[in-house]
Every structure is written in C-alpha cells, then in structure tokens.
$ cat model_22.pdb   # PDB, C-alpha atoms
MODEL        1
ATOM      1  CA  MET A   1      -4.149  56.737 -30.052
ATOM      2  CA  LYS A   2      -2.707  53.627 -31.676
ATOM      3  CA  HIS A   3       0.680  54.188 -29.996
ATOM      4  CA  ARG A   4      -0.992  54.704 -26.624
ATOM      5  CA  SER A   5      -2.843  51.363 -26.983
ATOM      6  CA  LEU A   6       0.375  49.574 -27.897
ATOM      7  CA  PHE A   7       2.131  51.211 -24.970
ATOM      8  CA  LEU A   8      -0.600  50.091 -22.564
ATOM      9  CA  VAL A   9      -0.532  46.533 -23.905
ATOM     10  CA  ALA A  10       3.259  46.426 -23.586
ATOM     11  CA  PHE A  11       3.075  47.936 -20.086
ATOM     12  CA  PHE A  12       0.550  45.353 -18.838
ATOM     13  CA  VAL A  13       2.476  42.465 -20.403
ATOM     14  CA  ALA A  14       5.637  43.683 -18.644
ATOM     15  CA  VAL A  15       3.795  44.007 -15.320
ATOM     16  CA  ALA A  16       2.391  40.489 -15.720
ATOM     17  CA  LEU A  17       5.825  39.045 -16.474
ATOM     18  CA  VAL A  18       7.402  40.765 -13.487
ATOM     19  CA  ALA A  19       4.573  39.606 -11.214
ATOM     20  CA  ALA A  20       4.932  36.011 -12.466
ATOM     21  CA  SER A  21       8.714  35.833 -12.189
ATOM     22  CA  PRO A  22      10.572  35.250  -8.925
ATOM     23  CA  LEU A  23      12.277  38.286  -7.451
ATOM     24  CA  ASN A  24      14.987  38.155  -4.835
ATOM     25  CA  GLU A  25      14.466  34.500  -3.922
ATOM     26  CA  PRO A  26      16.731  33.582  -1.017
ATOM     27  CA  SER A  27      19.334  30.870  -1.436
ATOM     28  CA  GLY A  28      17.760  27.471  -0.771
ATOM     29  CA  PHE A  29      14.249  28.558  -1.703
ATOM     30  CA  VAL A  30      12.308  25.752  -3.418
ATOM     31  CA  GLN A  31       8.751  25.762  -4.680
ATOM     32  CA  VAL A  32       6.491  23.018  -5.982
ATOM     33  CA  LEU A  33       3.344  24.004  -7.829
ATOM     34  CA  PRO A  34       0.510  21.496  -8.312
ATOM     35  CA  SER A  35       1.399  21.161 -11.996
ATOM     36  CA  GLY A  36       4.917  20.090 -10.979
ATOM     37  CA  ILE A  37       3.861  17.155  -8.798
ATOM     38  CA  LYS A  38       4.963  13.842 -10.346
ATOM     39  CA  TRP A  39       3.148  10.777  -9.016
ATOM     40  CA  ILE A  40       4.959   7.442  -9.357
ATOM     41  CA  PRO A  41       4.064   3.941  -8.118
ATOM     42  CA  SER A  42       5.236   3.592  -4.535
ATOM     43  CA  PRO A  43       8.300   1.359  -4.202
ATOM     44  CA  VAL A  44       7.240   0.545  -0.631
ATOM     45  CA  VAL A  45       3.462   0.131  -0.739
ATOM     46  CA  PRO A  46       2.173  -1.673  -3.860
ATOM     47  CA  GLY A  47      -1.022  -0.259  -5.349
ATOM     48  CA  THR A  48      -0.339   3.248  -4.058
ATOM     49  CA  TYR A  49       1.467   6.233  -5.523
ATOM     50  CA  ARG A  50       3.885   8.706  -4.050
ATOM     51  CA  ALA A  51       5.278  12.087  -4.962
ATOM     52  CA  VAL A  52       8.434  13.375  -3.308
ATOM     53  CA  LEU A  53       8.017  17.147  -3.154
ATOM     54  CA  LEU A  54      11.131  18.205  -1.242
ATOM     55  CA  GLY A  55      14.283  16.382  -0.215
ATOM     56  CA  ASN A  56      14.905  12.677  -0.639
ATOM     57  CA  PRO A  57      13.461  10.074   1.776
ATOM     58  CA  ASP A  58      16.447   7.789   1.094
ATOM     59  CA  GLU A  59      19.003  10.366   2.243
ATOM     60  CA  ALA A  60      19.774  12.191   5.472
ATOM     61  CA  GLY A  61      17.764  15.394   5.803
ATOM     62  CA  PRO A  62      14.205  16.672   5.802
ATOM     63  CA  PHE A  63      11.751  15.557   3.134
ATOM     64  CA  VAL A  64       8.135  16.132   2.171
ATOM     65  CA  MET A  65       6.284  13.336   0.406
ATOM     66  CA  ARG A  66       2.677  12.703  -0.564
ATOM     67  CA  VAL A  67       1.037   9.294  -0.738
ATOM     68  CA  LYS A  68      -2.093   8.604  -2.790
ATOM     69  CA  ALA A  69      -4.037   5.433  -1.979
ATOM     70  CA  PRO A  70      -7.199   4.058  -3.588
ATOM     71  CA  PRO A  71     -10.393   3.414  -1.609
ATOM     72  CA  GLY A  72     -10.366   0.334   0.603
ATOM     73  CA  THR A  73      -6.580   0.089   0.926
ATOM     74  CA  ARG A  74      -5.191  -1.673   3.993
ATOM     75  CA  ILE A  75      -1.533  -1.265   4.938
ATOM     76  CA  MET A  76      -0.369  -4.043   7.221
ATOM     77  CA  PRO A  77       1.564  -3.482  10.494
ATOM     78  CA  HIS A  78       4.944  -1.817  10.087
ATOM     79  CA  THR A  79       7.333   0.664  11.679
ATOM     80  CA  HIS A  80       9.425   3.621  10.546
ATOM     81  CA  ARG A  81      12.793   4.462  12.116
ATOM     82  CA  GLU A  82      11.970   8.177  11.848
ATOM     83  CA  GLU A  83       9.285  10.324  13.458
ATOM     84  CA  ARG A  84       6.688  11.437  10.906
ATOM     85  CA  VAL A  85       4.036  14.137  10.685
ATOM     86  CA  TYR A  86       1.004  13.193   8.589
ATOM     87  CA  THR A  87      -1.427  15.713   7.106
ATOM     88  CA  VAL A  88      -4.561  14.323   5.481
ATOM     89  CA  LEU A  89      -5.190  16.344   2.313
ATOM     90  CA  ALA A  90      -8.104  14.359   0.842
ATOM     91  CA  GLY A  91     -10.251  11.387   1.816
ATOM     92  CA  GLU A  92      -9.984   9.486   5.082
ATOM     93  CA  TRP A  93      -6.766   8.104   6.537
ATOM     94  CA  LYS A  94      -7.195   5.492   9.251
ATOM     95  CA  LEU A  95      -4.553   4.601  11.822
ATOM     96  CA  GLY A  96      -4.290   1.841  14.404
ATOM     97  CA  PHE A  97      -1.502   0.729  16.731
ATOM     98  CA  GLY A  98      -0.239  -2.803  17.254
ATOM     99  CA  GLU A  99       1.554  -5.700  15.642
ATOM    100  CA  LYS A 100      -1.575  -7.218  14.054
ATOM    101  CA  PHE A 101      -4.084  -5.498  11.808
ATOM    102  CA  ASP A 102      -7.313  -4.960  13.743
ATOM    103  CA  GLY A 103      -9.978  -2.868  12.019
ATOM    104  CA  ARG A 104     -11.652  -2.201  15.391
ATOM    105  CA  LYS A 105      -8.570  -0.226  16.486
ATOM    106  CA  LEU A 106      -8.585   2.132  13.495
ATOM    107  CA  VAL A 107      -9.131   5.825  14.193
ATOM    108  CA  THR A 108     -10.299   7.897  11.231
ATOM    109  CA  PHE A 109      -8.533  11.139  10.352
ATOM    110  CA  PRO A 110     -10.616  13.153   7.846
ATOM    111  CA  ALA A 111      -9.170  15.668   5.390
ATOM    112  CA  GLY A 112      -7.563  18.547   7.285
ATOM    113  CA  SER A 113      -6.307  16.349  10.136
ATOM    114  CA  VAL A 114      -2.692  16.260  11.309
ATOM    115  CA  TYR A 115      -0.918  13.814  13.598
ATOM    116  CA  ARG A 116       2.645  13.056  14.685
ATOM    117  CA  LEU A 117       3.741   9.431  14.690
ATOM    118  CA  PRO A 118       6.760   8.688  16.920
ATOM    119  CA  ALA A 119       9.614   6.576  15.537
ATOM    120  CA  ASN A 120       9.588   2.773  15.808
ATOM    121  CA  VAL A 121       5.896   2.452  16.760
ATOM    122  CA  PRO A 122       4.145  -0.588  15.235
ATOM    123  CA  HIS A 123       1.065   0.639  13.384
ATOM    124  CA  PHE A 124      -1.255  -0.137  10.485
ATOM    125  CA  GLN A 125      -3.284   2.081   8.204
ATOM    126  CA  ALA A 126      -6.265   2.030   5.872
ATOM    127  CA  THR A 127      -8.276   4.317   3.635
ATOM    128  CA  GLY A 128     -12.000   4.956   3.580
ATOM    129  CA  GLN A 129     -14.391   4.786   0.642
ATOM    130  CA  THR A 130     -12.647   7.439  -1.478
ATOM    131  CA  GLU A 131      -9.143   8.008  -2.780
ATOM    132  CA  THR A 132      -6.967   9.372   0.016
ATOM    133  CA  ILE A 133      -3.949  11.669  -0.157
ATOM    134  CA  VAL A 134      -1.673  12.232   2.839
ATOM    135  CA  GLN A 135       1.410  14.389   3.128
ATOM    136  CA  ILE A 136       4.320  13.104   5.185
ATOM    137  CA  ASN A 137       6.984  15.395   6.650
ATOM    138  CA  ALA A 138      10.020  13.710   8.203
ATOM    139  CA  VAL A 139      13.797  13.598   8.375
ATOM    140  CA  GLY A 140      15.462  10.802   6.426
ATOM    141  CA  PRO A 141      16.786   8.396   5.752
ATOM    142  CA  SER A 142      13.319   6.873   5.857
ATOM    143  CA  THR A 143      12.495   3.215   6.330
ATOM    144  CA  THR A 144       9.332   1.133   6.299
ATOM    145  CA  GLU A 145       9.734  -2.242   7.959
ATOM    146  CA  PHE A 146       6.735  -4.575   7.717
ATOM    147  CA  LEU A 147       6.416  -6.779  10.798
ATOM    148  CA  ASN A 148       5.568  -9.736   8.581
ATOM    149  CA  PRO A 149       7.687  -9.378   5.410
ATOM    150  CA  SER A 150       4.980 -11.028   3.276
ATOM    151  CA  ASP A 151       2.584  -8.283   4.309
ATOM    152  CA  GLY A 152       2.181  -4.952   2.650
ATOM    153  CA  VAL A 153      -1.032  -3.681   1.189
ATOM    154  CA  GLN A 154      -4.234  -5.624   0.963
ATOM    155  CA  LYS A 155      -7.518  -4.627  -0.644
ATOM    156  CA  LYS A 156     -10.633  -5.087   1.490
TER     157      LYS A 156
ENDMDL
END

$ encode --input "model_22.pdb" --output "structure tokens"
Amino acid sequence: MKHRSLFLVAFFVAVALVAASPLNEPSGFVQVLPSGIKWIPSPVVPGTYRAVLLGNPDEAGPFVMRVKAPPGTRIMPHTHREERVYTVLAGEWKLGFGEKFDGRKLVTFPAGSVYRLPANVPHFQATGQTETIVQINAVGPSTTEFLNPSDGVQKK
C-alpha cells in the first residue's frame, strides 16, 4: 500500500510537471505571464510607467507595450510616426484630436475598448478618476513628438 501511494504521488507530480512545461513550442514563440511584466518609468511621458512585452519600440519591427497612468493624467498634443492600436485594459482612456488640448473634445474609451490611431495625427489623451492601463500594438521604430516641446504630461 505504501509503494502504491508513493507511485501515485510520483505519477501526479510527473503529470503536473509535464503539464506546466512547454512542449513542442514553435520557433519564435514568446510568452509573457503577468508575473513577468516589468513596469519602468516611461522615458517619454513623465509620471507614467510602461512595460514592453514584445519587441522593442526603438527598433524596426512589431512591438507590444503597456502604459500605466495615474488618475487625472493629461498628455498634451503629440504625434506618432507609426500607426497604433490601443486596447484599454483598465480604467478610462480619453482621446481627442487637434493641436491644442481641449477637454471638450475628449472621447472616453472604457476598459475593453479598442481603437486604431493612424500615423502622424495630432492628438491628446487623458485618464479618468482611476489608474488606467492601455496596451499599444504597433510597428517600430516608434516616436512621440510633442507639438510644443515643453509639453508632456500635466496633472489636472
């Protein structure tokens, strides 16, 4: 009976290890688990954080990045040379178009929303009353050009 119990324990441990380990992953396969996400202060938008999940925004090729912004953040008018797809994962992400920040032009995208922003379109952004996380999918190299270089992020 004791040997049977040890055998069963060993069997279930082996099954668990096989189930948890990757099998036959194709070349180029990459995974990022939540525990592997590393948030760092954004080099582009002061007061916010970013996590590059796949690729490198500074190099040619596709990348996936997340941006975390505190409540009440306002990002002044800017452009990106690349087309971007935004997915709102948490909070409220607000978007407006134009060369001057105008809160009346902001459209709110709640968690679960997705939008595609064409390249070179002047726009501004803001967050709602809670921390907001957006995921950005694009093809680099990525740029953020503020229309007024002294602009960036302002708190409400």

$ residues_around --input "model_22.pdb" --residues "Ile136 of chain A" --least-positions-apart "5" --cutoff "12 Å" --atoms "only C-alpha atoms" --output "list in words"
Arg50, Ala51, Val52, Leu53, Leu54, Gly55, Pro57, Pro62, Phe63, Val64, Met65, Arg66, Val67, Lys68, Glu82, Glu83, Arg84, Val85, Tyr86, Thr87, Val88, Leu89, Val114, Tyr115, Arg116, Leu117 and Ser142 of chain A

$ residues_around --input "model_22.pdb" --residues "Ala90 of chain A" --least-positions-apart "3" --cutoff "8 Å" --atoms "only C-alpha atoms" --output "MDAnalysis selection string"
chainID A and resid 110:112 131:134

$ resolve_selection --input "model_22.pdb" --expression "the PyMOL selection byres ((chain A and resi 44) around 12)" --output "number ranges by chain"
A: 40-43, 45-50, 57-58, 67, 75-76, 78, 80, 142-146, 149, 151-153

$ atom_distance --input "model_22.pdb" --atom1 "atom CA of Arg104 of chain A" --atom2 "atom CA of Phe124 of chain A"
11.7 Å

$ resolve_selection --input "model_22.pdb" --expression "the PyMOL selection byres ((chain A and resi 121) around 9)" --output "PyMOL selection string"
chain A and resi 78-81+97-98+117-120+122-123

$ atom_distance --input "model_22.pdb" --atom1 "atom CA of Pro34 of chain A" --atom2 "atom CA of Val107 of chain A"
29.1 Å

$ atom_distance --input "model_22.pdb" --atom1 "atom CA of Gly140 of chain A" --atom2 "atom CA of Ala60 of chain A"
4.6 Å

$ axis_aligned_box --input "model_22.pdb" --around "segment 48-55 of chain A" --padding-each-side "5 Å" --output "JSON"
{"center_x": 7.0, "center_y": 10.7, "center_z": -2.9, "size_x": 24.6, "size_y": 25.0, "size_z": 15.3}

$ residues_around --input "model_22.pdb" --residues "segment 70-72 of chain A" --least-positions-apart "4" --cutoff "7 Å" --atoms "all atoms listed in the file" --output "list of chain:residue names"
A:Thr48, A:Ala126, A:Thr127, A:Gly128, A:Gln129, A:Thr130, A:Glu131, A:Thr132, A:Lys155, A:Lys156

$ build_atoms --input "model_22.pdb" --residues "segment 77-98 of chain A" --atoms "N, CA and C atoms" --output "compact mmCIF listing (two decimals), in the frame of the given file"
# COMPACT_ATOMS: atom_id res chain seq x y z
N PRO A 77 0.71 -4.03 9.44
CA PRO A 77 1.56 -3.48 10.49
C PRO A 77 3.02 -3.32 10.07
N HIS A 78 3.57 -2.16 10.44
CA HIS A 78 4.94 -1.82 10.09
C HIS A 78 5.45 -0.74 11.03
N THR A 79 6.72 -0.42 10.91
CA THR A 79 7.33 0.66 11.68
C THR A 79 8.16 1.54 10.74
N HIS A 80 8.50 2.72 11.22
CA HIS A 80 9.43 3.62 10.55
C HIS A 80 10.48 4.02 11.57
N ARG A 81 11.74 4.09 11.16
CA ARG A 81 12.79 4.46 12.12
C ARG A 81 12.73 5.94 12.47
N GLU A 82 12.03 6.73 11.64
CA GLU A 82 11.97 8.18 11.85
C GLU A 82 10.58 8.60 12.31
N GLU A 83 10.55 9.68 13.09
CA GLU A 83 9.28 10.32 13.46
C GLU A 83 8.70 10.93 12.19
N ARG A 84 7.36 10.89 12.09
CA ARG A 84 6.69 11.44 10.91
C ARG A 84 5.51 12.31 11.32
N VAL A 85 5.24 13.32 10.52
CA VAL A 85 4.04 14.14 10.68
C VAL A 85 3.18 13.91 9.45
N TYR A 86 1.95 13.48 9.66
CA TYR A 86 1.00 13.19 8.59
C TYR A 86 -0.04 14.30 8.54
N THR A 87 -0.33 14.78 7.34
CA THR A 87 -1.43 15.71 7.11
C THR A 87 -2.34 15.07 6.07
N VAL A 88 -3.61 14.92 6.40
CA VAL A 88 -4.56 14.32 5.48
C VAL A 88 -5.09 15.44 4.57
N LEU A 89 -4.79 15.32 3.28
CA LEU A 89 -5.19 16.34 2.31
C LEU A 89 -6.53 16.04 1.66
N ALA A 90 -6.84 14.75 1.48
CA ALA A 90 -8.10 14.36 0.84
C ALA A 90 -8.48 12.97 1.33
N GLY A 91 -9.77 12.70 1.41
CA GLY A 91 -10.25 11.39 1.82
C GLY A 91 -10.19 11.17 3.31
N GLU A 92 -10.07 9.89 3.68
CA GLU A 92 -9.98 9.49 5.08
C GLU A 92 -8.78 8.58 5.26
N TRP A 93 -7.93 8.92 6.21
CA TRP A 93 -6.77 8.10 6.54
C TRP A 93 -7.04 7.49 7.89
N LYS A 94 -6.89 6.19 8.00
CA LYS A 94 -7.20 5.49 9.25
C LYS A 94 -5.90 4.93 9.82
N LEU A 95 -5.78 5.01 11.13
CA LEU A 95 -4.55 4.60 11.82
C LEU A 95 -4.90 3.76 13.03
N GLY A 96 -4.17 2.67 13.22
CA GLY A 96 -4.29 1.84 14.40
C GLY A 96 -2.91 1.44 14.88
N PHE A 97 -2.79 1.11 16.16
CA PHE A 97 -1.50 0.73 16.73
C PHE A 97 -1.51 -0.74 17.11
N GLY A 98 -0.38 -1.40 16.88
CA GLY A 98 -0.24 -2.80 17.25
C GLY A 98 0.49 -3.59 16.19
